[in-house]
Amino acid sequence: MGRDSPLQDLGAYRLPAEWNSGVPLLIQALWTGLAQPLVASALPGDGWRRNLLRAFGARLGRGGTCRPRFRVKFPWRLVVGDHCWLGEASWIDNPAPVVIGDRVCISQGAYLCTGNHDYRSVDFDLRLGPIQIDSDAWICAHCVVAPGTRVGAAAVVSLGSVASGVIAPGAIVAGNPAVVVGWR
């Protein structure tokens with residue numbers, strides 16, 4: 001490349017001094033080594049998944065479903081309203097909080113990501129942004145929701161879209177980056 005200095009030095013990366021996983025190391029190890037693989041398994045059933053998530057601090061509302069192969073990094077940073085659908089193989093990668101309203105559908109293969117790295121920083125600094133998905137929204141299959149995104153009530157993030165920023169209530173967005181293509 002002909003550069004005298006690297007654009008990024010992954011060997012220099014360190015978690016920020018203020019970083020805190022939110023739970024003691026033992027709880028994090030039990031989640032990562034034992035409970036998370038069970039929740040993310042293809043084993044049938046829903047109630048036991050929800051109970052296991054609750055045991056590790058997830059706040060889940062009444063009703064709803066948690067499909068096989070659902071993944072969440074830190075259940076203690078997850079709030080889900082009543083009657084929500086957590087789709088098969090969806091992944092909530094949440095070093096920052098994720099708050100989901102009532103009657104929200106997170107379809108199969110969707111990826112909600114609250115952490116990223118600063119591409120302008122040689123040290124690859126961690127950047128976090130919570131995600132909020134308001135009631136009656138639908139995150140369609142294989143979507144990506146970026147750190148710091150708020151999806152308004154009754155909005156739809158269409159199949160395979162990449163959403164970031166603020167999605168207006170009732171908007172139907174599509175594409176990469178997602179743009180408004182209609183209204184619900």
# chains A, B, ... in the order shown; residues from 1 in each chain; ligands from 1

$ select_by_dssp --residues "region 74-181 of chain A" --states "strand (DSSP E)" --output "short mmCIF file (atom, residue, chain, number, x, y, z; two decimals) with C-alpha atoms, in the first residue's frame"
data_model
loop_
_atom_site.label_atom_id
_atom_site.label_comp_id
_atom_site.auth_asym_id
_atom_site.auth_seq_id
_atom_site.Cartn_x
_atom_site.Cartn_y
_atom_site.Cartn_z
CA LEU A 78 -32.64 -6.28 26.27
CA VAL A 79 -36.19 -5.02 26.89
CA VAL A 80 -38.99 -6.53 24.80
CA TRP A 85 -41.85 -12.09 17.67
CA LEU A 86 -38.10 -12.76 17.88
CA TRP A 91 -29.35 -11.67 16.21
CA ILE A 92 -29.37 -8.85 18.73
CA ASP A 93 -25.73 -7.82 19.11
CA VAL A 98 -32.03 -2.54 22.81
CA VAL A 99 -35.61 -1.59 23.66
CA ILE A 100 -38.44 -3.13 21.64
CA CYS A 105 -41.92 -8.48 14.68
CA ILE A 106 -38.19 -9.09 14.29
CA TYR A 111 -29.39 -8.23 12.74
CA LEU A 112 -29.65 -5.46 15.34
CA CYS A 113 -26.20 -4.04 16.09
CA GLY A 115 -21.73 -1.44 18.60
CA ASN A 116 -19.30 -0.44 15.91
CA HIS A 117 -15.78 0.92 15.57
CA LEU A 126 -15.50 1.39 20.12
CA ARG A 127 -18.65 3.39 19.38
CA LEU A 128 -21.97 2.41 20.93
CA ILE A 131 -31.51 0.82 19.40
CA GLN A 132 -35.19 1.55 19.99
CA ILE A 133 -37.97 -0.10 18.00
CA TRP A 138 -41.82 -4.79 11.62
CA ILE A 139 -38.15 -5.49 11.01
CA VAL A 144 -29.63 -4.71 9.49
CA VAL A 145 -30.45 -2.07 12.08
CA ARG A 150 -34.87 4.48 16.30
CA VAL A 151 -37.62 2.78 14.31
CA VAL A 156 -41.60 -1.33 8.33
CA VAL A 157 -37.95 -1.96 7.47
CA VAL A 162 -30.05 -1.42 6.15
CA ALA A 163 -31.66 1.08 8.52
CA VAL A 166 -34.56 7.81 12.72
CA ILE A 167 -37.23 5.93 10.79
CA ALA A 171 -42.82 4.75 7.20
CA ILE A 172 -42.02 1.80 4.94
CA VAL A 173 -38.31 1.90 4.16
CA ALA A 174 -36.28 -0.20 1.76
CA VAL A 179 -35.17 5.22 2.27
CA VAL A 180 -38.90 5.84 2.53
CA VAL A 181 -40.80 4.03 -0.24
#

$ residues_around --residues "His142 (chain A)" --least-positions-apart "5" --cutoff "7 Å" --atoms "only C-alpha atoms" --output "list in words"
Gln108, Gly109, Ala110, Tyr111, Leu159 and Gly160 of chain A

$ write_last_selection --atoms "N, CA and C atoms" --output "short mmCIF file (atom, residue, chain, number, x, y, z; two decimals), in the first residue's frame"
data_model
loop_
_atom_site.label_atom_id
_atom_site.label_comp_id
_atom_site.auth_asym_id
_atom_site.auth_seq_id
_atom_site.Cartn_x
_atom_site.Cartn_y
_atom_site.Cartn_z
N GLN A 108 -36.90 -13.38 10.62
CA GLN A 108 -35.77 -14.29 10.56
C GLN A 108 -34.54 -13.63 9.93
N GLY A 109 -33.41 -13.88 10.57
CA GLY A 109 -32.14 -13.41 10.03
C GLY A 109 -31.87 -11.93 10.21
N ALA A 110 -32.75 -11.19 10.89
CA ALA A 110 -32.49 -9.76 11.12
C ALA A 110 -31.31 -9.60 12.08
N TYR A 111 -30.57 -8.51 11.91
CA TYR A 111 -29.39 -8.23 12.74
C TYR A 111 -29.51 -6.83 13.32
N LEU A 159 -37.50 -6.13 3.54
CA LEU A 159 -36.60 -7.26 3.34
C LEU A 159 -35.19 -6.83 2.93
N GLY A 160 -34.20 -7.22 3.73
CA GLY A 160 -32.80 -7.01 3.40
C GLY A 160 -32.30 -5.58 3.49
#

$ residues_around --residues "Ala137 (chain A)" --least-positions-apart "4" --cutoff "6 Å" --atoms "only C-alpha atoms" --output "list in words"
Val104, Ala153, Ala154, Ala155 and Val156 of chain A

$ write_last_selection --atoms "C-alpha atoms" --output "PDB file, in the first residue's frame"
ATOM      1  CA  VAL A 104     -43.009  -5.858  17.180  1.00  0.00           C
ATOM      2  CA  ALA A 153     -44.252   3.066  15.694  1.00  0.00           C
ATOM      3  CA  ALA A 154     -45.798   0.950  12.915  1.00  0.00           C
ATOM      4  CA  ALA A 155     -42.793   1.473  10.618  1.00  0.00           C
ATOM      5  CA  VAL A 156     -41.604  -1.327   8.325  1.00  0.00           C
TER       6      VAL A 156
END

$ residues_around --residues "region 42-59 of chain A" --least-positions-apart "6" --cutoff "8 Å" --atoms "only C-alpha atoms" --output "ChimeraX atom specification"
/A:27,31,35,65-69,75-80

$ residues_around --residues "Arg62 (chain A)" --least-positions-apart "4" --cutoff "8 Å" --atoms "only C-alpha atoms" --output "number ranges by chain"
A: 81-83

$ write_last_selection --atoms "C-alpha atoms" --output "CSV table (one decimal), in the first residue's frame"
chain,number,residue,atom,x,y,z
A,81,GLY,CA,-42.7,-5.5,25.0
A,82,ASP,CA,-45.8,-7.6,25.0
A,83,HIS,CA,-46.6,-10.1,22.2

$ atom_distance --atom1 "CA of Val23 (chain A)" --atom2 "CA of Pro97 (chain A)"
13.5 Å

$ residues_around --residues "Asp125 (chain A)" --least-positions-apart "6" --cutoff "9 Å" --atoms "only C-alpha atoms" --output "list in words"
Tyr13, Arg14, Leu15, Pro16, Asn116, His117, Asp118 and Tyr119 of chain A

$ residues_around --residues "Leu10 (chain A)" --least-positions-apart "6" --cutoff "10 Å" --atoms "only C-alpha atoms" --output "number ranges by chain"
A: 122-125

$ select_by_dssp --residues "region 27-81 of chain A" --states "alpha helix (DSSP H)" --output "PyMOL selection string"
chain A and resi 27-30+36-39+47-55

$ write_last_selection --atoms "C-alpha atoms" --output "PDB file, in the first residue's frame"
ATOM      1  CA  ILE A  27     -22.766 -14.399  35.028  1.00  0.00           C
ATOM      2  CA  GLN A  28     -21.300 -13.378  31.678  1.00  0.00           C
ATOM      3  CA  ALA A  29     -19.341 -16.659  31.489  1.00  0.00           C
ATOM      4  CA  LEU A  30     -22.438 -18.743  32.360  1.00  0.00           C
ATOM      5  CA  GLN A  36     -26.547 -18.632  25.032  1.00  0.00           C
ATOM      6  CA  PRO A  37     -25.723 -21.820  23.074  1.00  0.00           C
ATOM      7  CA  LEU A  38     -29.003 -23.365  24.310  1.00  0.00           C
ATOM      8  CA  VAL A  39     -31.101 -20.330  23.350  1.00  0.00           C
ATOM      9  CA  GLY A  47     -41.279 -20.946  26.683  1.00  0.00           C
ATOM     10  CA  TRP A  48     -38.019 -22.367  27.979  1.00  0.00           C
ATOM     11  CA  ARG A  49     -36.060 -19.917  25.779  1.00  0.00           C
ATOM     12  CA  ARG A  50     -37.997 -16.974  27.165  1.00  0.00           C
ATOM     13  CA  ASN A  51     -37.513 -18.226  30.739  1.00  0.00           C
ATOM     14  CA  LEU A  52     -33.767 -18.661  30.200  1.00  0.00           C
ATOM     15  CA  LEU A  53     -33.491 -15.151  28.754  1.00  0.00           C
ATOM     16  CA  ARG A  54     -35.383 -13.790  31.768  1.00  0.00           C
ATOM     17  CA  ALA A  55     -33.100 -15.708  34.144  1.00  0.00           C
TER      18      ALA A  55
END

$ closest_residue --among "A:Pro130, A:Gly165, A:Pro95, A:Gly33" --to "Trp19 (chain A)" --atoms "only C-alpha atoms"
A:Pro95

$ atom_distance --atom1 "CA of Ala96 (chain A)" --atom2 "CA of Leu7 (chain A)"
26.1 Å
